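Undergrad: I'd like to ask you about the structure that follows.
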Amino acid sequence: MNDKIAFVEVKEAWEREYLAAPFGGSDNRALFFEEGALQDVLPRLKDVAVVSTFIKSRLGKEELEKLPALRFVTTRSTGYDHLDIAAARARDIPVANVPTYGENTVAEHTFALILSLSRNLRKAYFKTRDNDFSIQGLMGFDLKGKTLGVIGTGHIGLHVIHMAKGFGLDVLAFDVKKNHFLSEVLGFRYVPLDELLSQSDILSLHVPYLPATHHLINGKNIGKIKRGAILINTARGALVETAALVKALDDGILSGAGLDVLEGEELLLEEKRLLASTEADQAAWEKLQITLKNHILLHRDNVIYTHHMAFYSKEAVIRILDTTLRSIQSFIEGKPENVVNP
């Protein structure tokens, strides 16, 4: 195996130095750093054996064909839906992720979004920006005594529940895999999804994106949500059907939404290409519709959008980089860790 390693989507100089240090520093000619996503820098990586990607990189059959020397992929994220792990497995290429890095980090961001909505911080900001210092229309609501519905009780979901108890929230949860011991310890109750939707004042999503969770919140069940609830999504955008979300906000089913992710968020960067497509190109047309609806969402004063940054604290990023470096070292030693397609 050659020893060439590429890190893509590395924009910060300190991250580059941190990743290069275990390999003797950035002067190592076997190390490649790219600011762009993998699909945009493929010609420069054709003889690379190891690639470390991030969430905007796409790796499928087409990209794999252009990387003949590739032997190992590690994504600096927990989710790996941007990587075709089956195609990689067909090439005997192990794909690793970062299983845990920021349960508390994402949970803290979740509550930042909840509090921003419960206290109308976005509306207040726009009023003061327009030199309007009245409090009319800014009345919020207390979290204490309200019900939080947590969909997904993995590492992040459990941290959210733990924090919720400090705010005096009652907690309902839905998950296909139930942890009854922790439900007793943390004082929450598992219920069916429809019951959670109808009883929760705040809904928070913490499940991975899989075929089974695509549009988990959709046009068929969004009407079951308790009227006036708020929706928080710090997981993956495609868990929520965009058209259903817009309609729920328009109809007052939801009083607000806090979104760190959007369905098709990557398309916001490709609008010119989509606009150049014809309506006959059904796939492009559907993507364009999602993009236009995203613009509608982003201009609402009861929607807060942070651009996929719930993970982004200094401590969490360092944990991500450390895990990535350990994964690469374990692969070099012949015992790859954190592999999602064994």
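Each chain in the structure tokens gets a letter, A, B, ..., in the order shown, and its residues are numbered from 1; ligands are numbered from 1 in order too.
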At a cut-off of 10 Å, using only C-alpha atoms, what residues contact Val98 of chain A? Leave out same-chain residues fewer than 3 positions from it and give the result as an MDAnalysis selection string.
TA: chainID A and resid 74:80 101:102 319:324 327 337:340
Undergrad: For the strand (DSSP E) assignment from backbone DSSP, which residues of segment 7-219 of chain A qualify? Please present them as a JSON list (two decimals) with C-alpha atoms, in the first residue's frame.
TA:
[["chain", "number", "residue", "atom", "x", "y", "z"],
["A", 7, "PHE", "CA", -7.89, 15.25, 4.13],
["A", 31, "LEU", "CA", -0.15, 14.35, 3.05],
["A", 32, "PHE", "CA", -2.70, 16.24, 0.96],
["A", 33, "PHE", "CA", -5.09, 18.88, 2.28],
["A", 50, "VAL", "CA", -6.56, 7.02, 2.50],
["A", 51, "VAL", "CA", -9.17, 9.76, 2.33],
["A", 52, "SER", "CA", -10.70, 11.62, 5.25],
["A", 53, "THR", "CA", -13.95, 13.32, 4.23],
["A", 72, "PHE", "CA", -9.59, 3.32, 3.34],
["A", 73, "VAL", "CA", -12.15, 6.08, 3.94],
["A", 74, "THR", "CA", -12.88, 7.81, 7.23],
["A", 75, "THR", "CA", -15.50, 10.52, 7.58],
["A", 95, "VAL", "CA", -15.35, 3.06, 5.74],
["A", 96, "ALA", "CA", -15.00, 4.44, 9.25],
["A", 147, "THR", "CA", -43.54, 18.33, 27.54],
["A", 148, "LEU", "CA", -40.52, 17.59, 25.38],
["A", 149, "GLY", "CA", -40.83, 14.78, 22.85],
["A", 150, "VAL", "CA", -37.46, 13.25, 21.97],
["A", 151, "ILE", "CA", -37.37, 11.10, 18.84],
["A", 170, "ASP", "CA", -41.56, 16.37, 31.27],
["A", 171, "VAL", "CA", -40.13, 14.03, 28.64],
["A", 172, "LEU", "CA", -41.70, 11.53, 26.27],
["A", 173, "ALA", "CA", -39.52, 9.49, 23.93],
["A", 174, "PHE", "CA", -39.83, 7.33, 20.84],
["A", 189, "ARG", "CA", -41.43, 7.51, 29.24],
["A", 190, "TYR", "CA", -41.41, 5.67, 25.90],
["A", 202, "ILE", "CA", -41.50, 20.67, 21.83],
["A", 203, "LEU", "CA", -40.34, 17.99, 19.37],
["A", 204, "SER", "CA", -36.65, 17.23, 18.96],
["A", 205, "LEU", "CA", -35.18, 14.83, 16.39]]
Undergrad: Please report, as a list of chain:residue names, each residue of segment 2-52 of chain A to which DSSP assigns helix (DSSP H, G or I) when run on this structure's backbone.
TA: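 Everything in segment 2-52 of chain A that counts as helix (DSSP H, G or I) is A:Ala13, A:Trp14, A:Glu15, A:Arg16, A:Glu17, A:Tyr18, A:Leu19, A:Ala20, A:Ala21, A:Pro22, A:Phe23, A:Leu38, A:Gln39, A:Asp40, A:Leu42, A:Pro43, A:Arg44, A:Leu45.
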Undergrad: Just to be explicit: take each residue in the selection above, keep N, CA and C atoms, and write the result as an mmCIF file, in the first residue's frame.
TA:
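For reference, out-v9.cif as written:
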data_model
loop_
_atom_site.group_PDB
_atom_site.id
_atom_site.type_symbol
_atom_site.label_atom_id
_atom_site.label_comp_id
_atom_site.auth_asym_id
_atom_site.auth_seq_id
_atom_site.Cartn_x
_atom_site.Cartn_y
_atom_site.Cartn_z
ATOM 1 N N ALA A 13 -6.546 26.559 9.245
ATOM 2 C CA ALA A 13 -5.105 26.260 9.285
ATOM 3 C C ALA A 13 -4.742 25.433 10.508
ATOM 4 N N TRP A 14 -5.377 25.728 11.647
ATOM 5 C CA TRP A 14 -5.022 24.985 12.863
ATOM 6 C C TRP A 14 -5.421 23.517 12.750
ATOM 7 N N GLU A 15 -6.527 23.221 12.043
ATOM 8 C CA GLU A 15 -6.940 21.837 11.851
ATOM 9 C C GLU A 15 -5.921 21.097 10.983
ATOM 10 N N ARG A 16 -5.438 21.787 9.968
ATOM 11 C CA ARG A 16 -4.434 21.186 9.089
ATOM 12 C C ARG A 16 -3.173 20.834 9.885
ATOM 13 N N GLU A 17 -2.744 21.758 10.722
ATOM 14 C CA GLU A 17 -1.546 21.517 11.532
ATOM 15 C C GLU A 17 -1.776 20.374 12.522
ATOM 16 N N TYR A 18 -2.973 20.331 13.097
ATOM 17 C CA TYR A 18 -3.298 19.293 14.085
ATOM 18 C C TYR A 18 -3.278 17.913 13.433
ATOM 19 N N LEU A 19 -3.873 17.805 12.244
ATOM 20 C CA LEU A 19 -3.921 16.522 11.542
ATOM 21 C C LEU A 19 -2.556 16.094 11.020
ATOM 22 N N ALA A 20 -1.726 17.057 10.670
ATOM 23 C CA ALA A 20 -0.409 16.738 10.112
ATOM 24 C C ALA A 20 0.613 16.362 11.175
ATOM 25 N N ALA A 21 0.430 16.847 12.390
ATOM 26 C CA ALA A 21 1.438 16.672 13.435
ATOM 27 C C ALA A 21 1.865 15.219 13.663
ATOM 28 N N PRO A 22 0.932 14.250 13.760
ATOM 29 C CA PRO A 22 1.360 12.862 14.004
ATOM 30 C C PRO A 22 2.159 12.254 12.855
ATOM 31 N N PHE A 23 2.108 12.883 11.679
ATOM 32 C CA PHE A 23 2.817 12.359 10.508
ATOM 33 C C PHE A 23 4.077 13.169 10.198
ATOM 34 N N LEU A 38 -14.790 16.266 -1.711
ATOM 35 C CA LEU A 38 -14.101 15.194 -2.436
ATOM 36 C C LEU A 38 -14.410 15.205 -3.924
ATOM 37 N N GLN A 39 -15.693 15.322 -4.292
ATOM 38 C CA GLN A 39 -16.083 15.243 -5.701
ATOM 39 C C GLN A 39 -15.501 16.382 -6.537
ATOM 40 N N ASP A 40 -15.078 17.459 -5.877
ATOM 41 C CA ASP A 40 -14.544 18.612 -6.594
ATOM 42 C C ASP A 40 -13.029 18.573 -6.765
ATOM 43 N N LEU A 42 -11.208 15.415 -7.124
ATOM 44 C CA LEU A 42 -10.832 14.041 -7.477
ATOM 45 C C LEU A 42 -9.568 13.933 -8.330
ATOM 46 N N PRO A 43 -9.377 14.787 -9.357
ATOM 47 C CA PRO A 43 -8.187 14.616 -10.203
ATOM 48 C C PRO A 43 -6.865 14.685 -9.434
ATOM 49 N N ARG A 44 -6.874 15.378 -8.316
ATOM 50 C CA ARG A 44 -5.631 15.530 -7.552
ATOM 51 C C ARG A 44 -5.408 14.399 -6.556
ATOM 52 N N LEU A 45 -6.392 13.475 -6.464
ATOM 53 C CA LEU A 45 -6.309 12.436 -5.437
ATOM 54 C C LEU A 45 -6.259 11.021 -6.012
#
Undergrad: Which polymer residues have any atom within 12 Å of an atom of segment 297-300 of chain A, counting only C-alpha atoms, with same-chain residues fewer than 6 positions away left out, as number ranges by chain?
TA: A: 122-123, 126, 242-250, 255-263, 265, 268, 290-291, 306-307
Undergrad: Let me make sure I understand: among A:Ile135, A:Tyr305, A:Pro94, A:Ser313, which one has the smallest atom-to-atom distance to Gly334 of chain A if we use only C-alpha atoms?
TA: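 Comparing A:Ile135, A:Tyr305, A:Pro94, A:Ser313 against Gly334 of chain A, the winner is A:Pro94.
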Undergrad: Taking only C-alpha atoms into account, which of A:Ala88, A:Leu121, A:Ile114, A:His206 comes nearest Gly154 of chain A?
TA: A:His206
Undergrad: Work out how far apart atom CA of Val176 of chain A and atom CA of Pro192 of chain A are and give it in Å to one decimal.
TA: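 So the two atoms, atom CA of Val176 of chain A and atom CA of Pro192 of chain A, lie 9.5 Å apart.
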Undergrad: My list of candidates is A:Glu9, A:Lys335, A:Thr105, A:Arg71. Which is closest to Arg58 of chain A when distances are computed with only C-alpha atoms?
TA: A:Glu9
Undergrad: Leaving out segment 156-158 of chain A and any residue of its chain fewer than 4 positions from it, which residues lie within 7 Å of it when counting only C-alpha atoms, given as a PyMOL selection string?
TA: chain A and resi 103-104+106-107+150+152+162+206
